[in-house]
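**Student:** Handing over input.txt, compact mmCIF, N, CA and C atoms and all ligand atoms.
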```txt
# COMPACT_ATOMS: atom_id res chain seq x y z
N MET U 1 -12.51 3.06 -10.71
CA MET U 1 -11.05 2.97 -10.79
C MET U 1 -10.55 3.80 -11.96
N ALA U 2 -9.53 4.58 -11.72
CA ALA U 2 -8.98 5.39 -12.81
C ALA U 2 -7.47 5.17 -12.90
N THR U 3 -6.94 5.50 -14.05
CA THR U 3 -5.50 5.36 -14.26
C THR U 3 -4.82 6.69 -14.03
N TYR U 4 -3.74 6.65 -13.27
CA TYR U 4 -2.97 7.85 -12.98
C TYR U 4 -1.52 7.65 -13.40
N ALA U 5 -0.95 8.67 -13.98
CA ALA U 5 0.49 8.68 -14.23
C ALA U 5 1.14 9.41 -13.06
N ILE U 6 2.22 8.82 -12.54
CA ILE U 6 2.92 9.42 -11.40
C ILE U 6 4.17 10.13 -11.90
N PHE U 7 4.24 11.41 -11.61
CA PHE U 7 5.41 12.20 -11.99
C PHE U 7 6.19 12.60 -10.75
N ARG U 8 7.52 12.48 -10.86
CA ARG U 8 8.37 12.94 -9.76
C ARG U 8 8.96 14.28 -10.16
N HIS U 9 8.74 15.28 -9.30
CA HIS U 9 9.23 16.63 -9.54
C HIS U 9 10.49 16.88 -8.73
N GLY U 10 11.43 17.57 -9.32
CA GLY U 10 12.65 17.94 -8.62
C GLY U 10 13.84 17.15 -9.13
N SER U 11 14.83 17.87 -9.61
CA SER U 11 16.04 17.22 -10.11
C SER U 11 16.95 16.84 -8.94
N ASN U 12 17.53 15.64 -9.01
CA ASN U 12 18.47 15.20 -7.97
C ASN U 12 19.47 14.27 -8.61
N ALA U 13 20.76 14.49 -8.33
CA ALA U 13 21.83 13.71 -8.96
C ALA U 13 21.68 12.21 -8.69
N ASN U 14 21.04 11.84 -7.59
CA ASN U 14 20.95 10.43 -7.20
C ASN U 14 19.96 9.61 -8.04
N ASN U 15 18.88 10.23 -8.46
CA ASN U 15 17.89 9.43 -9.18
C ASN U 15 17.28 10.14 -10.39
N GLN U 16 17.55 11.40 -10.53
CA GLN U 16 16.90 12.16 -11.60
C GLN U 16 17.76 13.36 -11.97
N PRO U 17 18.97 13.08 -12.47
CA PRO U 17 19.89 14.19 -12.76
C PRO U 17 19.42 15.05 -13.93
N ARG U 18 19.51 16.34 -13.77
CA ARG U 18 19.20 17.30 -14.83
C ARG U 18 17.81 17.13 -15.43
N THR U 19 16.89 16.57 -14.67
CA THR U 19 15.52 16.43 -15.17
C THR U 19 14.56 16.92 -14.10
N GLU U 20 13.81 17.94 -14.43
CA GLU U 20 12.93 18.55 -13.44
C GLU U 20 11.70 17.67 -13.15
N THR U 21 11.16 17.08 -14.19
CA THR U 21 9.94 16.28 -14.03
C THR U 21 10.09 14.97 -14.80
N LEU U 22 9.76 13.85 -14.14
CA LEU U 22 9.94 12.55 -14.77
C LEU U 22 8.76 11.64 -14.44
N CYS U 23 8.19 11.00 -15.45
CA CYS U 23 7.15 10.02 -15.19
C CYS U 23 7.81 8.74 -14.67
N VAL U 24 7.41 8.28 -13.48
CA VAL U 24 8.07 7.12 -12.87
C VAL U 24 7.16 5.90 -12.79
N ALA U 25 5.85 6.10 -12.88
CA ALA U 25 4.95 4.96 -12.70
C ALA U 25 3.58 5.26 -13.27
N VAL U 26 2.83 4.20 -13.47
CA VAL U 26 1.42 4.32 -13.83
C VAL U 26 0.67 3.41 -12.87
N VAL U 27 -0.34 3.93 -12.20
CA VAL U 27 -1.08 3.12 -11.23
C VAL U 27 -2.58 3.26 -11.45
N GLU U 28 -3.32 2.28 -10.94
CA GLU U 28 -4.77 2.33 -10.96
C GLU U 28 -5.22 2.61 -9.53
N ALA U 29 -6.11 3.56 -9.36
CA ALA U 29 -6.59 3.89 -8.02
C ALA U 29 -7.94 4.58 -8.12
N THR U 30 -8.63 4.68 -6.97
CA THR U 30 -9.94 5.32 -6.98
C THR U 30 -9.83 6.83 -6.84
N THR U 31 -8.77 7.30 -6.16
CA THR U 31 -8.60 8.74 -6.00
C THR U 31 -7.14 9.11 -6.27
N ARG U 32 -6.96 10.39 -6.51
CA ARG U 32 -5.63 10.93 -6.75
C ARG U 32 -4.73 10.70 -5.53
N ALA U 33 -5.29 10.90 -4.34
CA ALA U 33 -4.51 10.73 -3.11
C ALA U 33 -4.06 9.28 -2.95
N LYS U 34 -4.95 8.34 -3.27
CA LYS U 34 -4.59 6.93 -3.16
C LYS U 34 -3.54 6.55 -4.20
N ALA U 35 -3.63 7.15 -5.37
CA ALA U 35 -2.64 6.89 -6.42
C ALA U 35 -1.26 7.36 -5.96
N THR U 36 -1.22 8.56 -5.37
CA THR U 36 0.05 9.09 -4.88
C THR U 36 0.58 8.22 -3.75
N ALA U 37 -0.31 7.82 -2.83
CA ALA U 37 0.11 6.99 -1.70
C ALA U 37 0.66 5.65 -2.16
N ALA U 38 0.01 5.06 -3.19
CA ALA U 38 0.48 3.77 -3.71
C ALA U 38 1.88 3.91 -4.28
N ALA U 39 2.12 5.00 -4.99
CA ALA U 39 3.45 5.21 -5.58
C ALA U 39 4.48 5.49 -4.50
N GLU U 40 4.08 6.26 -3.48
CA GLU U 40 5.01 6.60 -2.39
C GLU U 40 5.44 5.36 -1.61
N ALA U 41 4.55 4.35 -1.59
CA ALA U 41 4.85 3.13 -0.86
C ALA U 41 5.90 2.27 -1.58
N GLU U 42 6.09 2.53 -2.86
CA GLU U 42 7.07 1.79 -3.66
C GLU U 42 8.46 2.38 -3.44
N GLU U 43 9.36 1.54 -2.98
CA GLU U 43 10.71 2.00 -2.69
C GLU U 43 11.41 2.57 -3.93
N SER U 44 11.10 1.98 -5.07
CA SER U 44 11.79 2.41 -6.29
C SER U 44 11.41 3.81 -6.75
N PHE U 45 10.35 4.36 -6.17
CA PHE U 45 9.96 5.72 -6.54
C PHE U 45 10.26 6.69 -5.41
N SER U 46 11.28 6.35 -4.61
CA SER U 46 11.59 7.16 -3.44
C SER U 46 11.98 8.58 -3.85
N CYS U 47 11.73 9.49 -2.93
CA CYS U 47 12.02 10.89 -3.18
C CYS U 47 13.07 11.41 -2.21
N TYR U 48 13.94 12.28 -2.70
CA TYR U 48 14.84 13.00 -1.82
C TYR U 48 14.12 14.26 -1.37
N VAL U 49 14.73 14.97 -0.41
CA VAL U 49 14.02 16.10 0.22
C VAL U 49 13.51 17.15 -0.76
N ASN U 50 14.20 17.33 -1.86
CA ASN U 50 13.76 18.35 -2.82
C ASN U 50 12.77 17.81 -3.86
N GLN U 51 12.27 16.59 -3.62
CA GLN U 51 11.40 15.98 -4.63
C GLN U 51 10.03 15.63 -4.05
N HIS U 52 9.05 15.54 -4.92
CA HIS U 52 7.74 15.02 -4.51
C HIS U 52 7.08 14.34 -5.70
N LEU U 53 6.12 13.48 -5.40
CA LEU U 53 5.38 12.77 -6.45
C LEU U 53 4.03 13.44 -6.68
N GLU U 54 3.60 13.44 -7.92
CA GLU U 54 2.28 13.98 -8.25
C GLU U 54 1.56 12.96 -9.12
N ALA U 55 0.32 12.67 -8.78
CA ALA U 55 -0.50 11.77 -9.60
C ALA U 55 -1.38 12.61 -10.51
N ILE U 56 -1.30 12.34 -11.79
CA ILE U 56 -2.13 13.07 -12.76
C ILE U 56 -3.06 12.06 -13.44
N PRO U 57 -4.38 12.33 -13.41
CA PRO U 57 -5.32 11.42 -14.07
C PRO U 57 -4.96 11.28 -15.55
N TRP U 58 -5.08 10.06 -16.07
CA TRP U 58 -4.71 9.79 -17.46
C TRP U 58 -5.40 10.76 -18.42
N SER U 59 -6.66 11.05 -18.15
CA SER U 59 -7.45 11.92 -19.05
C SER U 59 -6.94 13.36 -19.06
N ARG U 60 -6.16 13.73 -18.05
CA ARG U 60 -5.67 15.10 -17.96
C ARG U 60 -4.26 15.28 -18.50
N LEU U 61 -3.65 14.18 -18.93
CA LEU U 61 -2.28 14.27 -19.43
C LEU U 61 -2.26 15.00 -20.76
N ASN U 62 -1.28 15.86 -20.95
CA ASN U 62 -1.11 16.45 -22.28
C ASN U 62 -0.37 15.44 -23.15
N ALA U 63 -0.26 15.75 -24.44
CA ALA U 63 0.30 14.78 -25.40
C ALA U 63 1.70 14.32 -25.00
N GLU U 64 2.50 15.24 -24.53
CA GLU U 64 3.88 14.93 -24.15
C GLU U 64 3.91 14.01 -22.93
N GLN U 65 3.08 14.34 -21.94
CA GLN U 65 3.02 13.52 -20.72
C GLN U 65 2.50 12.12 -21.03
N ARG U 66 1.53 12.05 -21.93
CA ARG U 66 0.95 10.76 -22.28
C ARG U 66 1.98 9.88 -22.98
N GLU U 67 2.78 10.49 -23.82
CA GLU U 67 3.83 9.76 -24.51
C GLU U 67 4.83 9.20 -23.50
N GLU U 68 5.17 10.04 -22.52
CA GLU U 68 6.12 9.63 -21.48
C GLU U 68 5.54 8.48 -20.65
N ALA U 69 4.25 8.58 -20.32
CA ALA U 69 3.59 7.55 -19.53
C ALA U 69 3.48 6.24 -20.32
N ASP U 70 3.18 6.34 -21.60
CA ASP U 70 3.13 5.16 -22.46
C ASP U 70 4.47 4.45 -22.48
N GLU U 71 5.52 5.25 -22.53
CA GLU U 71 6.89 4.72 -22.54
C GLU U 71 7.16 3.97 -21.23
N VAL U 72 6.72 4.54 -20.11
CA VAL U 72 6.90 3.90 -18.80
C VAL U 72 6.19 2.55 -18.77
N ILE U 73 4.98 2.52 -19.33
CA ILE U 73 4.23 1.26 -19.36
C ILE U 73 4.97 0.22 -20.21
N ARG U 74 5.43 0.64 -21.38
CA ARG U 74 6.15 -0.30 -22.26
C ARG U 74 7.41 -0.83 -21.59
N GLU U 75 8.13 0.03 -20.89
CA GLU U 75 9.42 -0.37 -20.33
C GLU U 75 9.32 -1.09 -19.00
N ASN U 76 8.30 -0.77 -18.20
CA ASN U 76 8.31 -1.24 -16.82
C ASN U 76 7.24 -2.26 -16.45
N TYR U 77 6.26 -2.42 -17.30
CA TYR U 77 5.18 -3.31 -16.91
C TYR U 77 5.02 -4.42 -17.94
N GLU U 78 5.15 -5.64 -17.46
CA GLU U 78 4.95 -6.76 -18.36
C GLU U 78 3.46 -6.91 -18.67
N LEU U 79 3.17 -7.52 -19.79
CA LEU U 79 1.80 -7.78 -20.17
C LEU U 79 1.43 -9.16 -19.63
N LEU U 80 0.43 -9.22 -18.78
CA LEU U 80 0.01 -10.50 -18.20
C LEU U 80 -1.01 -11.17 -19.12
N PRO U 81 -0.83 -12.46 -19.37
CA PRO U 81 -1.76 -13.15 -20.27
C PRO U 81 -3.14 -13.32 -19.64
N ALA U 82 -4.14 -13.59 -20.46
CA ALA U 82 -5.50 -13.88 -19.97
C ALA U 82 -5.42 -15.02 -18.97
N GLY U 83 -6.17 -14.91 -17.87
CA GLY U 83 -6.19 -15.96 -16.87
C GLY U 83 -5.15 -15.80 -15.78
N ALA U 84 -4.23 -14.84 -15.94
CA ALA U 84 -3.13 -14.67 -14.98
C ALA U 84 -3.55 -13.88 -13.75
N VAL U 85 -4.68 -13.17 -13.85
CA VAL U 85 -5.11 -12.29 -12.77
C VAL U 85 -6.53 -12.67 -12.35
N SER U 86 -6.82 -12.57 -11.04
CA SER U 86 -8.16 -12.90 -10.57
C SER U 86 -8.90 -11.65 -10.11
N CYS U 87 -10.19 -11.62 -10.34
CA CYS U 87 -11.04 -10.51 -9.92
C CYS U 87 -11.00 -10.37 -8.40
N LEU U 88 -10.86 -9.13 -7.93
CA LEU U 88 -10.78 -8.84 -6.50
C LEU U 88 -12.02 -9.30 -5.75
N LEU U 89 -13.17 -9.20 -6.38
CA LEU U 89 -14.43 -9.48 -5.70
C LEU U 89 -14.86 -10.94 -5.83
N CYS U 90 -14.91 -11.45 -7.06
CA CYS U 90 -15.47 -12.79 -7.25
C CYS U 90 -14.41 -13.85 -7.56
N GLY U 91 -13.18 -13.41 -7.82
CA GLY U 91 -12.12 -14.37 -8.07
C GLY U 91 -12.06 -14.93 -9.48
N ALA U 92 -12.94 -14.45 -10.36
CA ALA U 92 -12.94 -14.93 -11.75
C ALA U 92 -11.62 -14.57 -12.43
N ASP U 93 -11.13 -15.46 -13.28
CA ASP U 93 -9.89 -15.20 -13.99
C ASP U 93 -10.08 -14.14 -15.07
N SER U 94 -9.05 -13.37 -15.30
CA SER U 94 -9.10 -12.36 -16.35
C SER U 94 -9.27 -13.04 -17.71
N THR U 95 -9.94 -12.35 -18.62
CA THR U 95 -10.24 -12.95 -19.93
C THR U 95 -9.42 -12.33 -21.04
N ALA U 96 -8.63 -11.30 -20.71
CA ALA U 96 -7.80 -10.67 -21.74
C ALA U 96 -6.46 -10.32 -21.11
N GLU U 97 -5.47 -10.10 -21.92
CA GLU U 97 -4.18 -9.71 -21.36
C GLU U 97 -4.26 -8.27 -20.85
N MET U 98 -3.43 -7.96 -19.86
CA MET U 98 -3.45 -6.61 -19.31
C MET U 98 -2.08 -6.26 -18.75
N PRO U 99 -1.75 -4.96 -18.75
CA PRO U 99 -0.46 -4.56 -18.17
C PRO U 99 -0.46 -4.83 -16.66
N ALA U 100 0.70 -5.18 -16.13
CA ALA U 100 0.80 -5.59 -14.73
C ALA U 100 0.37 -4.50 -13.75
N TYR U 101 0.51 -3.22 -14.11
CA TYR U 101 0.13 -2.17 -13.16
C TYR U 101 -1.35 -2.22 -12.83
N ARG U 102 -2.13 -2.86 -13.71
CA ARG U 102 -3.58 -2.90 -13.52
C ARG U 102 -4.00 -4.08 -12.63
N ALA U 103 -3.13 -5.07 -12.50
CA ALA U 103 -3.47 -6.31 -11.82
C ALA U 103 -3.96 -6.16 -10.37
N PRO U 104 -3.33 -5.30 -9.54
CA PRO U 104 -3.75 -5.24 -8.13
C PRO U 104 -5.20 -4.80 -7.94
N ASN U 105 -5.77 -4.14 -8.92
CA ASN U 105 -7.14 -3.63 -8.78
C ASN U 105 -8.10 -4.25 -9.77
N TYR U 106 -7.76 -5.42 -10.31
CA TYR U 106 -8.58 -5.99 -11.38
C TYR U 106 -9.98 -6.38 -10.92
N LEU U 107 -10.97 -5.89 -11.63
CA LEU U 107 -12.35 -6.31 -11.42
C LEU U 107 -12.86 -6.85 -12.75
N CYS U 108 -13.55 -7.97 -12.72
CA CYS U 108 -14.07 -8.57 -13.94
C CYS U 108 -15.24 -7.73 -14.48
N GLU U 109 -15.68 -8.08 -15.68
CA GLU U 109 -16.76 -7.36 -16.35
C GLU U 109 -17.99 -7.22 -15.46
N SER U 110 -18.41 -8.30 -14.81
CA SER U 110 -19.67 -8.27 -14.05
C SER U 110 -19.53 -7.61 -12.66
N CYS U 111 -18.33 -7.47 -12.16
CA CYS U 111 -18.14 -6.84 -10.84
C CYS U 111 -17.87 -5.34 -10.93
N ARG U 112 -17.58 -4.86 -12.14
CA ARG U 112 -17.24 -3.46 -12.32
C ARG U 112 -18.41 -2.53 -12.05
ZN ZN U 201 -15.68 -10.39 -10.48
```
Take the structure I supplied and represent it as structure tokens, if you would.

**Tutor:**
Amino acid sequence: MATYAIFRHGSNANNQPRTETLCVAVVEATTRAKATAAAEAEESFSCYVNQHLEAIPWSRLNAEQREEADEVIRENYELLPAGAVSCLLCGADSTAEMPAYRAPNYLCESCR
């Protein structure tokens, strides 16, 4: 599982005025295509005809992009307390707090 920052390209007065590229989400996924698909499925990241979403692996973000993605995490994802999330495979409760974007794909230490 890897972390991807989702960027929406294309300025549009309806959701992204005067901004060519905007980080809209951070997701956990196994592939870039799945990360993009997960973001596309979210209504809040909808695109107009002149826009598209791009998933960039966290490790490939430049300093500016990483700052923007960190900001998205701080603003849009609550921190879930330990025990709030269950492992996908064995159902064990999480042992540490984690940002909510990570919850859908949570695997415990022994299942990873
Ligand atoms: Zn597990």

**Student:** Quick one: pick out all alpha helix (DSSP H) residues within segment 4-58 of chain U from a backbone DSSP run and write them as a list in words.

**Tutor:**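 The alpha helix (DSSP H) residues within segment 4-58 of chain U come out as Arg32, Ala33, Lys34, Ala35, Thr36, Ala37, Ala38, Ala39, Glu40 and Ala41 of chain U.
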
**Student:** Point out the residue among U:Asp93, U:Glu64, U:Glu75, U:Glu40 with the least atom-to-atom distance to ligand ZN 201 (chain U), counting all atoms listed in the file.

**Tutor:**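 Of U:Asp93, U:Glu64, U:Glu75, U:Glu40, the one nearest ligand ZN 201 (chain U), counting all atoms listed in the file, is U:Asp93.
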
**Student:** Which one of U:Leu53, U:Pro99, U:Gly91, U:Asn105 sits closest to ligand ZN 201 (chain U) if you count only N, CA and C atoms and all ligand atoms?

**Tutor:**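 Looking at the shortest contact to ligand ZN 201 (chain U), the residue is U:Gly91.
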
**Student:** Distance atom C of Ala84 of chain U-atom C of Ala96 of chain U, one decimal place?

**Tutor:**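 Answer for the atom C of Ala84 of chain U to atom C of Ala96 of chain U separation: 8.7 Å.
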
**Student:** With distances taken over only C-alpha atoms, which of U:Phe45, U:Cys111, U:Thr31, U:Thr36 is nearest to Asn15 of chain U?

**Tutor:**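 Looking only at the distances to Asn15 of chain U, the closest residue turns out to be U:Phe45.
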
**Student:** Taking all atoms listed in the file and a cut-off of 6.5 Å, can you tell me which residues surround ligand ZN 201 (chain U), written as a ChimeraX atom specification?

**Tutor:** /U:87-92,107-112

**Student:** Filtering to C-alpha atoms, could chain U of the supplied structure be written out as a CSV table (one decimal), in the first residue's frame?

**Tutor:**
```
chain,number,residue,atom,x,y,z
U,1,MET,CA,0.0,0.0,0.0
U,2,ALA,CA,1.3,3.4,-0.9
U,3,THR,CA,0.2,7.0,-0.3
U,4,TYR,CA,-0.8,9.1,-3.2
U,5,ALA,CA,-1.6,12.8,-3.4
U,6,ILE,CA,-4.4,13.6,-5.9
U,7,PHE,CA,-4.0,16.7,-8.0
U,8,ARG,CA,-6.7,18.2,-10.1
U,9,HIS,CA,-5.4,19.9,-13.3
U,10,GLY,CA,-7.3,22.6,-15.1
U,11,SER,CA,-8.7,25.8,-13.9
U,12,ASN,CA,-12.5,26.1,-13.8
U,13,ALA,CA,-14.6,28.9,-12.3
U,14,ASN,CA,-16.9,26.4,-10.6
U,15,ASN,CA,-14.4,24.6,-8.4
U,16,GLN,CA,-10.9,25.8,-9.1
U,17,PRO,CA,-10.8,29.4,-10.2
U,18,ARG,CA,-7.5,30.8,-11.4
U,19,THR,CA,-5.6,27.7,-10.2
U,20,GLU,CA,-4.1,25.4,-12.8
U,21,THR,CA,-3.2,22.6,-10.4
U,22,LEU,CA,-4.7,21.9,-6.9
U,23,CYS,CA,-4.1,19.1,-4.5
U,24,VAL,CA,-7.6,17.8,-3.6
U,25,ALA,CA,-7.0,14.5,-1.7
U,26,VAL,CA,-4.6,12.1,-0.2
U,27,VAL,CA,-5.4,8.4,-0.6
U,28,GLU,CA,-3.9,5.0,0.1
U,29,ALA,CA,-3.8,2.5,-2.7
U,30,THR,CA,-1.8,-0.3,-4.2
U,31,THR,CA,-1.4,1.3,-7.7
U,32,ARG,CA,-1.5,4.7,-9.2
U,33,ALA,CA,-4.5,3.7,-11.3
U,34,LYS,CA,-6.4,2.6,-8.2
U,35,ALA,CA,-5.6,5.8,-6.4
U,36,THR,CA,-6.9,7.8,-9.3
U,37,ALA,CA,-10.1,5.7,-9.5
U,38,ALA,CA,-10.7,6.0,-5.8
U,39,ALA,CA,-10.5,9.8,-6.0
U,40,GLU,CA,-12.7,9.9,-9.2
U,41,ALA,CA,-15.3,7.9,-7.3
U,42,GLU,CA,-15.6,10.8,-4.7
U,43,GLU,CA,-18.2,13.3,-5.8
U,44,SER,CA,-16.3,16.1,-4.0
U,45,PHE,CA,-13.4,15.7,-6.4
U,46,SER,CA,-15.5,15.9,-9.5
U,47,CYS,CA,-14.0,17.2,-12.7
U,48,TYR,CA,-15.4,19.4,-15.4
U,49,VAL,CA,-14.6,18.7,-19.0
U,50,ASN,CA,-11.3,20.6,-19.0
U,51,GLN,CA,-10.1,18.9,-15.8
U,52,HIS,CA,-8.5,15.6,-14.9
U,53,LEU,CA,-7.1,14.0,-11.7
U,54,GLU,CA,-3.6,12.8,-11.4
U,55,ALA,CA,-2.3,10.6,-8.6
U,56,ILE,CA,1.3,11.2,-7.6
U,57,PRO,CA,3.1,8.8,-5.2
U,58,TRP,CA,4.1,10.5,-2.0
U,59,SER,CA,7.7,9.7,-2.5
U,60,ARG,CA,7.7,11.6,-5.9
U,61,LEU,CA,6.2,14.8,-4.6
U,62,ASN,CA,8.5,17.8,-4.7
U,63,ALA,CA,8.7,20.1,-1.6
U,64,GLU,CA,6.0,22.4,-2.8
U,65,GLN,CA,3.6,19.5,-3.6
U,66,ARG,CA,4.3,17.8,-0.3
U,67,GLU,CA,3.5,21.0,1.6
U,68,GLU,CA,0.2,21.3,-0.3
U,69,ALA,CA,-0.6,17.6,0.4
U,70,ASP,CA,0.2,18.0,4.1
U,71,GLU,CA,-2.1,21.0,4.2
U,72,VAL,CA,-4.9,18.9,2.6
U,73,ILE,CA,-4.4,16.2,5.3
U,74,ARG,CA,-4.5,18.8,8.1
U,75,GLU,CA,-7.6,20.4,6.7
U,76,ASN,CA,-9.7,17.5,5.4
U,77,TYR,CA,-8.9,14.4,7.4
U,78,GLU,CA,-9.6,13.9,11.0
U,79,LEU,CA,-7.2,12.0,13.2
U,80,LEU,CA,-8.8,8.7,14.3
U,81,PRO,CA,-7.9,7.6,17.8
U,82,ALA,CA,-6.3,4.2,18.5
U,83,GLY,CA,-8.9,1.4,18.4
U,84,ALA,CA,-11.2,3.3,16.0
U,85,VAL,CA,-10.2,1.3,12.9
U,86,SER,CA,-10.1,-2.5,12.3
U,87,CYS,CA,-7.6,-4.4,10.3
U,88,LEU,CA,-9.0,-5.4,6.9
U,89,LEU,CA,-7.7,-9.0,7.2
U,90,CYS,CA,-7.9,-10.0,10.9
U,91,GLY,CA,-10.1,-7.4,12.3
U,92,ALA,CA,-7.7,-6.3,15.0
U,93,ASP,CA,-8.2,-2.8,16.4
U,94,SER,CA,-5.7,-0.1,15.4
U,95,THR,CA,-3.1,0.6,18.1
U,96,ALA,CA,-2.2,4.1,17.2
U,97,GLU,CA,-4.0,7.2,15.9
U,98,MET,CA,-4.1,7.6,12.1
U,99,PRO,CA,-5.5,10.1,9.6
U,100,ALA,CA,-8.9,9.1,8.3
U,101,TYR,CA,-7.7,8.8,4.6
U,102,ARG,CA,-5.7,5.7,5.7
U,103,ALA,CA,-8.6,3.9,7.4
U,104,PRO,CA,-10.2,2.2,4.4
U,105,ASN,CA,-7.0,0.2,3.8
U,106,TYR,CA,-5.7,-0.3,7.3
U,107,LEU,CA,-3.7,-3.5,7.9
U,108,CYS,CA,-2.3,-4.3,11.3
U,109,GLU,CA,1.4,-4.9,12.0
U,110,SER,CA,1.2,-8.7,11.6
U,111,CYS,CA,-1.0,-8.6,8.4
U,112,ARG,CA,1.2,-6.1,6.5
```
